[in-house]
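Raw contents of final_10.txt, compact mmCIF, C-alpha atoms and all ligand atoms:
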# COMPACT_ATOMS: atom_id res chain seq x y z
CA MET A 1 19.55 7.67 59.02
CA ILE A 2 18.40 5.85 55.90
CA PHE A 3 20.34 3.95 53.28
CA ILE A 4 21.25 5.93 50.17
CA ASP A 5 22.17 4.03 47.02
CA LEU A 6 25.00 6.29 45.94
CA VAL A 7 26.08 4.03 43.08
CA ARG A 8 22.71 4.39 41.41
CA LEU A 9 22.64 8.09 42.21
CA GLU A 10 26.03 8.64 40.64
CA GLN A 11 24.70 7.31 37.34
CA ARG A 12 22.42 10.36 37.15
CA VAL A 13 25.26 12.82 37.42
CA GLU A 14 25.89 14.56 34.11
CA LEU A 15 28.97 13.63 32.11
CA SER A 16 29.82 17.34 31.81
CA TRP A 17 30.10 17.55 35.62
CA LYS A 18 32.28 14.46 35.76
CA GLU A 19 34.59 16.03 33.20
CA LYS A 20 34.85 19.22 35.22
CA ALA A 21 35.52 17.18 38.38
CA ALA A 22 38.28 15.25 36.60
CA ALA A 23 39.89 18.53 35.46
CA ALA A 24 39.65 19.93 39.00
CA LEU A 25 41.39 16.82 40.35
CA LEU A 26 44.26 17.35 37.92
CA ASP A 27 44.44 20.95 39.07
CA VAL A 28 44.62 20.03 42.76
CA ARG A 29 47.15 17.27 42.09
CA ALA A 30 49.40 19.86 40.42
CA ALA A 31 49.46 22.07 43.53
CA THR A 32 52.87 21.84 45.16
CA THR A 33 52.21 23.35 48.57
CA SER A 34 49.47 22.95 51.11
CA ASP A 35 48.43 26.60 50.65
CA ASP A 36 48.23 26.21 46.88
CA ARG A 37 46.11 23.12 47.31
CA LYS A 38 43.67 25.00 49.53
CA LYS A 39 43.43 27.76 46.94
CA VAL A 40 42.63 25.22 44.23
CA LEU A 41 39.94 23.61 46.40
CA THR A 42 38.37 27.03 46.97
CA LYS A 43 38.57 27.86 43.27
CA HIS A 44 36.53 24.79 42.38
CA ALA A 45 34.20 24.88 45.40
CA SER A 46 31.14 25.47 43.22
CA LEU A 47 31.48 21.92 41.88
CA TRP A 48 29.93 20.15 44.85
CA ALA A 49 27.12 22.71 44.99
CA GLU A 50 26.34 21.90 41.36
CA VAL A 51 25.38 18.32 42.23
CA LYS A 52 23.60 19.11 45.48
CA HIS A 53 20.18 18.72 43.86
CA HIS A 54 21.05 15.14 42.90
CA LEU A 55 22.05 14.35 46.47
CA ALA A 56 18.94 16.01 47.89
CA GLY A 57 16.73 14.16 45.44
CA ALA A 58 17.97 10.80 46.72
CA SER A 59 16.49 11.48 50.14
CA THR A 60 13.50 13.65 49.14
CA GLY A 61 15.38 16.62 50.57
CA LYS A 62 16.17 15.07 53.95
CA CYS A 63 19.51 15.25 55.67
CA TRP A 64 21.15 11.86 55.12
CA TYR A 65 22.37 11.71 58.71
CA CYS A 66 19.43 12.93 60.82
CA GLU A 67 16.50 12.72 58.35
CA THR A 68 15.40 16.30 58.94
CA ARG A 69 13.87 18.13 56.00
CA ASP A 70 14.27 21.85 56.48
CA VAL A 71 13.05 23.65 53.40
CA ARG A 72 14.06 27.04 54.77
CA SER A 73 17.71 26.40 55.31
CA ASP A 74 20.59 25.78 52.96
CA ALA A 75 21.69 22.21 53.42
CA ALA A 76 25.33 21.41 52.84
CA VAL A 77 27.32 18.88 50.90
CA ASP A 78 29.48 17.18 53.48
CA HIS A 79 32.76 15.66 52.38
CA PHE A 80 32.57 12.39 54.31
CA ARG A 81 36.36 12.25 54.29
CA PRO A 82 37.25 15.88 55.01
CA LYS A 83 38.98 17.58 52.12
CA SER A 84 41.51 19.87 53.82
CA LYS A 85 41.92 18.89 57.47
CA VAL A 86 41.19 15.98 59.81
CA GLU A 87 40.36 16.79 63.40
CA GLU A 88 41.56 13.44 64.74
CA SER A 89 44.89 13.62 62.92
CA PRO A 90 46.47 17.11 63.20
CA GLU A 91 49.27 16.35 60.74
CA HIS A 92 46.79 15.23 58.04
CA GLU A 93 46.19 17.69 55.20
CA GLY A 94 42.82 16.25 54.34
CA TYR A 95 41.64 13.82 51.70
CA TRP A 96 42.05 16.52 49.05
CA TRP A 97 42.02 13.97 46.22
CA LEU A 98 38.41 13.12 47.13
CA ALA A 99 37.22 16.74 47.09
CA PHE A 100 35.70 16.30 43.63
CA ASP A 101 34.73 12.66 43.99
CA PHE A 102 30.95 12.33 44.01
CA ARG A 103 31.19 9.18 46.16
CA ASN A 104 32.61 11.25 49.00
CA TYR A 105 29.60 13.58 49.16
CA ARG A 106 26.85 13.31 51.76
CA TYR A 107 23.84 15.64 51.80
CA CYS A 108 23.32 17.06 55.28
CA CYS A 109 21.74 19.79 57.36
CA THR A 110 23.72 22.55 59.05
CA PHE A 111 23.20 20.98 62.48
CA CYS A 112 24.84 17.72 61.44
CA ASN A 113 27.55 19.49 59.47
CA SER A 114 28.55 22.49 61.62
CA THR A 115 29.39 22.93 65.27
CA ARG A 116 26.31 23.68 67.31
CA VAL A 117 25.77 23.74 71.06
CA ASP A 118 22.55 22.30 72.43
CA ARG A 119 21.39 25.12 74.71
CA VAL A 120 19.06 22.81 76.61
CA GLY A 121 21.06 19.58 76.84
CA GLY A 122 24.49 21.23 76.86
CA SER A 123 26.01 18.85 74.30
CA ARG A 124 28.12 20.02 71.39
CA GLY A 125 28.09 18.36 68.00
CA GLY A 126 28.54 18.81 64.27
CA LYS A 127 30.75 16.82 61.93
CA GLN A 128 32.92 19.59 60.51
CA THR A 129 36.35 18.02 59.85
CA HIS A 130 35.90 15.00 62.11
CA PHE A 131 36.77 11.64 60.66
CA PRO A 132 37.68 9.16 63.40
CA LEU A 133 38.81 5.67 62.46
CA LEU A 134 38.54 2.33 64.21
CA ASN A 135 42.09 1.70 62.96
CA PRO A 136 43.82 5.11 63.16
CA GLU A 137 47.21 3.47 62.56
CA ASP A 138 46.08 2.68 59.00
CA ARG A 139 44.91 6.17 58.11
CA VAL A 140 45.67 7.07 54.50
CA PHE A 141 47.60 10.31 54.05
CA GLU A 142 48.26 10.34 50.34
CA GLU A 143 46.18 9.60 47.28
CA GLY A 144 45.75 5.85 47.40
CA ASP A 145 43.58 2.98 48.55
CA ILE A 146 41.20 4.22 51.23
CA ALA A 147 39.62 0.77 51.60
CA VAL A 148 42.13 -0.05 54.34
CA GLU A 149 40.53 2.54 56.59
CA ARG A 150 37.69 1.52 58.89
CA PRO A 151 35.61 4.65 59.46
CA MET A 152 34.12 5.07 62.91
CA LEU A 153 31.22 7.22 61.72
CA LEU A 154 28.09 5.56 60.40
CA ASP A 155 27.77 6.11 56.70
CA PRO A 156 24.36 6.30 54.95
CA ILE A 157 25.79 4.73 51.80
CA ARG A 158 26.68 1.52 53.64
CA ALA A 159 23.63 -0.74 53.69
CA THR A 160 24.21 -2.10 57.19
CA ASP A 161 25.05 1.19 58.90
CA PRO A 162 21.66 2.92 59.38
CA ALA A 163 20.32 -0.03 61.42
CA LEU A 164 23.15 0.32 63.94
CA LEU A 165 21.13 3.18 65.41
CA TYR A 166 18.10 2.44 67.54
CA PHE A 167 15.48 5.05 68.42
CA ARG A 168 13.75 4.86 71.76
CA GLU A 169 10.08 5.66 72.19
CA ASP A 170 10.99 9.12 73.48
CA GLY A 171 12.89 9.89 70.27
CA VAL A 172 16.36 9.55 71.80
CA PRO A 173 18.86 7.62 69.65
CA GLU A 174 21.12 4.97 71.09
CA PRO A 175 23.30 2.13 69.80
CA ARG A 176 21.31 -0.95 68.77
CA TYR A 177 24.22 -3.32 69.42
CA GLY A 178 27.17 -3.51 71.74
CA GLY A 179 30.87 -3.82 70.96
CA GLU A 180 32.40 -2.12 67.98
CA LYS A 181 29.03 -1.54 66.32
CA GLY A 182 27.83 0.21 69.47
CA LEU A 183 30.96 2.32 69.60
CA ARG A 184 30.40 3.46 66.01
CA ALA A 185 26.76 4.31 66.76
CA SER A 186 27.51 6.28 69.93
CA LYS A 187 30.32 8.23 68.26
CA SER A 188 27.98 9.03 65.34
CA ILE A 189 25.26 10.20 67.72
CA GLU A 190 27.80 12.54 69.26
CA ILE A 191 29.40 13.86 66.08
CA TYR A 192 26.24 14.19 63.96
CA HIS A 193 24.55 15.57 67.09
CA LEU A 194 21.61 13.21 66.72
CA ASN A 195 20.63 13.76 70.36
CA HIS A 196 20.27 17.54 70.02
CA THR A 197 17.20 18.50 72.04
CA GLU A 198 15.36 20.23 69.20
CA LEU A 199 15.92 17.25 66.94
CA VAL A 200 14.76 14.78 69.60
CA GLU A 201 11.63 16.90 70.11
CA ALA A 202 10.88 16.99 66.39
CA ARG A 203 11.35 13.21 66.22
CA LEU A 204 9.11 12.73 69.24
CA GLU A 205 6.37 14.85 67.66
CA THR A 206 6.35 12.49 64.68
CA LEU A 207 6.38 9.44 66.97
CA ASN A 208 3.41 10.82 68.90
CA ARG A 209 1.49 11.12 65.65
CA VAL A 210 2.34 7.48 64.91
CA ARG A 211 1.15 6.40 68.35
CA GLU A 212 -2.21 8.11 67.76
CA LEU A 213 -2.59 6.34 64.42
CA ILE A 214 -1.69 2.95 65.90
CA SER A 215 -4.27 3.45 68.58
CA LEU A 216 -6.91 4.34 65.99
CA GLY A 217 -5.84 1.42 63.82
CA ARG A 218 -6.25 -1.04 66.65
CA ARG A 219 -9.77 0.19 67.27
CA TYR A 220 -10.80 0.18 63.62
CA TYR A 221 -9.22 -3.21 63.08
CA ASP A 222 -11.42 -4.82 65.71
CA SER A 223 -14.65 -3.50 64.17
CA TRP A 224 -13.39 -4.16 60.65
CA LEU A 225 -12.77 -7.80 61.62
CA LEU A 226 -16.10 -8.11 63.36
CA ASP A 227 -18.47 -6.79 60.71
CA GLY A 228 -16.43 -4.92 58.08
CA SER A 229 -17.48 -1.54 59.41
CA ASP A 230 -14.96 1.30 59.70
CA GLU A 231 -13.20 -0.02 56.60
CA PRO A 232 -12.52 3.40 55.02
CA ALA A 233 -11.18 4.75 58.33
CA PHE A 234 -9.03 1.65 58.81
CA GLU A 235 -7.64 1.97 55.28
CA SER A 236 -6.87 5.62 55.88
CA VAL A 237 -4.90 4.80 59.04
CA ILE A 238 -2.85 2.16 57.25
CA ALA A 239 -2.16 4.53 54.36
CA GLN A 240 -0.99 7.27 56.73
CA LEU A 241 1.25 4.88 58.64
CA LYS A 242 2.73 3.59 55.38
CA LYS A 243 3.61 7.17 54.44
CA LEU A 244 5.28 7.81 57.78
CA CYS A 245 7.35 4.60 57.49
CA ALA A 246 8.45 5.24 53.90
CA PRO A 247 12.18 5.98 53.45
CA GLY A 248 11.33 9.44 52.13
CA ALA A 249 9.45 10.47 55.29
CA GLU A 250 11.08 12.50 58.02
CA TYR A 251 12.52 10.42 60.87
CA SER A 252 11.38 7.20 59.17
CA ALA A 253 14.02 5.08 60.95
CA ALA A 254 12.63 6.10 64.35
CA VAL A 255 9.07 5.59 63.11
CA ARG A 256 9.86 2.08 61.96
CA ASP A 257 11.48 1.19 65.27
CA LEU A 258 8.38 2.41 67.07
CA VAL A 259 5.91 0.64 64.80
CA LYS A 260 7.84 -2.64 65.04
CA GLY A 261 7.36 -2.52 68.80
CA TYR A 262 3.59 -2.74 68.29
CA ARG A 263 3.68 -5.97 66.29
CA ASP A 264 1.91 -8.83 67.99
CA SER A 265 -0.05 -11.93 67.02
CA GLU A 266 -3.35 -10.16 67.67
CA HIS A 267 -2.64 -7.14 65.50
CA THR A 268 -0.98 -8.60 62.42
CA TRP A 269 -2.27 -5.67 60.36
CA ILE A 270 0.70 -3.65 61.63
CA ASP A 271 2.96 -5.70 59.34
CA GLN A 272 1.15 -4.14 56.37
CA VAL A 273 2.51 -0.68 57.04
CA PHE A 274 6.13 -1.55 56.23
ZN ZN B 1 21.05 16.53 59.88
In structure tokens, how does this file's structure come out?
Amino acid sequence: MIFIDLVRLEQRVELSWKEKAAAALLDVRAATTSDDRKKVLTKHASLWAEVKHHLAGASTGKCWYCETRDVRSDAAVDHFRPKSKVEESPEHEGYWWLAFDFRNYRYCCTFCNSTRVDRVGGSRGGKQTHFPLLNPEDRVFEEGDIAVERPMLLDPIRATDPALLYFREDGVPEPRYGGEKGLRASKSIEIYHLNHTELVEARLETLNRVRELISLGRRYYDSWLLDGSDEPAFESVIAQLKKLCAPGAEYSAAVRDLVKGYRDSEHTWIDQVF
């Protein structure tokens, strides 16, 4: 997971879209029954697809939750607060008033968004209509101030949330901290299915590439220090590592955790790759 500056992103959204979203909100507010409301949401469902390219652009096409970039699959626009149903609160009719609110959109892959079973590991995940709270007694049911809610799930638009996940050297995610922060991380791993075997393997493949580069870098660094030889090769290694650590690179959070583990007083060059 990487931080997404949604406020800045929202500034790029066309005024014409915002006007359509405002009209759709009036439409859904006017619905008098739950069924009518669902029909109105369906009628305007093309609206969130219309801004998908903006959301994708903010992460260079990566899923905001798992950092996978799959150019051959249709990524989804997840409503962070589900629009028509909440799994953890059966009587809730969804945060329908946020259905056309750009700030409620998160760009994500089908594995993070939909229910999938991990055939190898046996786990089941996918966000769907999940929205657990740390304070379920304060859940908001009607259009109003959602700031009282304390979401359990890690949210890419919150600057401190991505770092609550830690990635082990084998690509498996786990909570970085204990307590409430750890609870939020472990629940997010489960619901976004961040420990799905195929995803862990893809992450590990990237980490293995990083390990090879670090090993090369260490070797080139020694000769570069000694007599300046291997400079082009050393530069190339640093450039490649920089690319892999950049926020736009796949699995960059895991890469950064791995690279940080190699920092030591002897190999200060590793600091340059961040
Ligand atoms: Zn994903």
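With CA of Tyr107 in chain A on one side and CA of Lys20 in chain A on the other, the separation reads 20.2 Å.
Proximal residues of ligand ZN 1 (chain B) are Cys63, Tyr65, Cys66, Thr68, Cys108, Cys109, Phe111 and Cys112 of chain A, by a cut-off of 6 Å on only C-alpha atoms and all ligand atoms.
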Selected residues written out with C-alpha atoms, as a short mmCIF file (atom, residue, chain, number, x, y, z; two decimals), in the frame of the given file:
data_model
loop_
_atom_site.label_atom_id
_atom_site.label_comp_id
_atom_site.auth_asym_id
_atom_site.auth_seq_id
_atom_site.Cartn_x
_atom_site.Cartn_y
_atom_site.Cartn_z
CA CYS A 63 19.51 15.25 55.67
CA TYR A 65 22.37 11.71 58.71
CA CYS A 66 19.43 12.93 60.82
CA THR A 68 15.40 16.30 58.94
CA CYS A 108 23.32 17.06 55.28
CA CYS A 109 21.74 19.79 57.36
CA PHE A 111 23.20 20.98 62.48
CA CYS A 112 24.84 17.72 61.44
#
Counting all atoms listed in the file, what is within 7 Å of range 152-161 of chain A, bar same-chain residues fewer than 2 positions away, as a compact mmCIF listing (two decimals) with C-alpha atoms, in the coordinates of the input?
# COMPACT_ATOMS: atom_id res chain seq x y z
CA MET A 1 19.55 7.67 59.02
CA ILE A 2 18.40 5.85 55.90
CA PHE A 3 20.34 3.95 53.28
CA ILE A 4 21.25 5.93 50.17
CA ASP A 5 22.17 4.03 47.02
CA LEU A 6 25.00 6.29 45.94
CA TRP A 64 21.15 11.86 55.12
CA TYR A 65 22.37 11.71 58.71
CA PRO A 132 37.68 9.16 63.40
CA LEU A 133 38.81 5.67 62.46
CA LEU A 134 38.54 2.33 64.21
CA ARG A 150 37.69 1.52 58.89
CA ALA A 163 20.32 -0.03 61.42
CA LEU A 164 23.15 0.32 63.94
CA ARG A 184 30.40 3.46 66.01
CA ALA A 185 26.76 4.31 66.76
CA LYS A 187 30.32 8.23 68.26
CA SER A 188 27.98 9.03 65.34
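With all atoms listed in the file as the atoms that count, the residue of A:Ser223, A:Ser34, A:Gln272, A:Ser84 with the shortest distance to Leu241 in chain A is A:Gln272.
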So that I can see what lies close to range 121-123 of chain A, please list as a PDB file with C-alpha atoms, in the frame of the given file the residues with an atom at most 12 Å from it, counting only C-alpha atoms and leaving out residues fewer than 6 positions away in the same chain.
ATOM      1  CA  THR A 115      29.390  22.930  65.270  1.00  0.00           C
ATOM      2  CA  ILE A 189      25.260  10.200  67.720  1.00  0.00           C
ATOM      3  CA  GLU A 190      27.800  12.540  69.260  1.00  0.00           C
ATOM      4  CA  ILE A 191      29.400  13.860  66.080  1.00  0.00           C
ATOM      5  CA  TYR A 192      26.240  14.190  63.960  1.00  0.00           C
ATOM      6  CA  HIS A 193      24.550  15.570  67.090  1.00  0.00           C
ATOM      7  CA  LEU A 194      21.610  13.210  66.720  1.00  0.00           C
ATOM      8  CA  ASN A 195      20.630  13.760  70.360  1.00  0.00           C
ATOM      9  CA  HIS A 196      20.270  17.540  70.020  1.00  0.00           C
ATOM     10  CA  THR A 197      17.200  18.500  72.040  1.00  0.00           C
ATOM     11  CA  GLU A 198      15.360  20.230  69.200  1.00  0.00           C
ATOM     12  CA  LEU A 199      15.920  17.250  66.940  1.00  0.00           C
ATOM     13  CA  VAL A 200      14.760  14.780  69.600  1.00  0.00           C
ATOM     14  CA  GLU A 201      11.630  16.900  70.110  1.00  0.00           C
TER      15      GLU A 201
END
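Residue nearest Cys245 in chain A within the list A:Gln128, A:Ser73, A:Thr206, A:Ser215: A:Thr206 [criterion: smallest interatomic distance, all atoms listed in the file].
Put simply, CA of Tyr221 in chain A is 6.5 Å away from CA of Phe234 in chain A.
Take the candidates A:Arg37, A:Lys85, A:Arg8, A:Arg106 and check each one against Ala49 in chain A using all atoms listed in the file; the shortest distance goes to A:Arg106.
Relative to CA of Glu169 in chain A, CA of Asp264 in chain A is found at 17.2 Å.
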Neighbour residues at most 7 Å from (0.0, 5.6, 63.0) (only C-alpha atoms) as a JSON list (two decimals) with C-alpha atoms, keeping the file's coordinate frame:
[["chain", "number", "residue", "atom", "x", "y", "z"],
["A", 209, "ARG", "CA", 1.49, 11.12, 65.65],
["A", 210, "VAL", "CA", 2.34, 7.48, 64.91],
["A", 211, "ARG", "CA", 1.15, 6.40, 68.35],
["A", 212, "GLU", "CA", -2.21, 8.11, 67.76],
["A", 213, "LEU", "CA", -2.59, 6.34, 64.42],
["A", 214, "ILE", "CA", -1.69, 2.95, 65.90],
["A", 237, "VAL", "CA", -4.90, 4.80, 59.04],
["A", 240, "GLN", "CA", -0.99, 7.27, 56.73],
["A", 241, "LEU", "CA", 1.25, 4.88, 58.64]]
Handout entry: Glu266 in chain A surroundings by all atoms listed in the file, 12 Å radius, close-in-sequence under 3 positions cut, as a ChimeraX atom specification
Key = /A:218,221-222,225,262-263,269-271
Exercise for the section: Find the residues near range 46-48 of chain A: any atom within 10 Å, counting all atoms listed in the file, skip ones fewer than 2 places away on the same chain, and give them as a ChimeraX atom specification. Expected result: /A:17-18,20-21,24,41-44,50-53,55,76-79,99-102,105
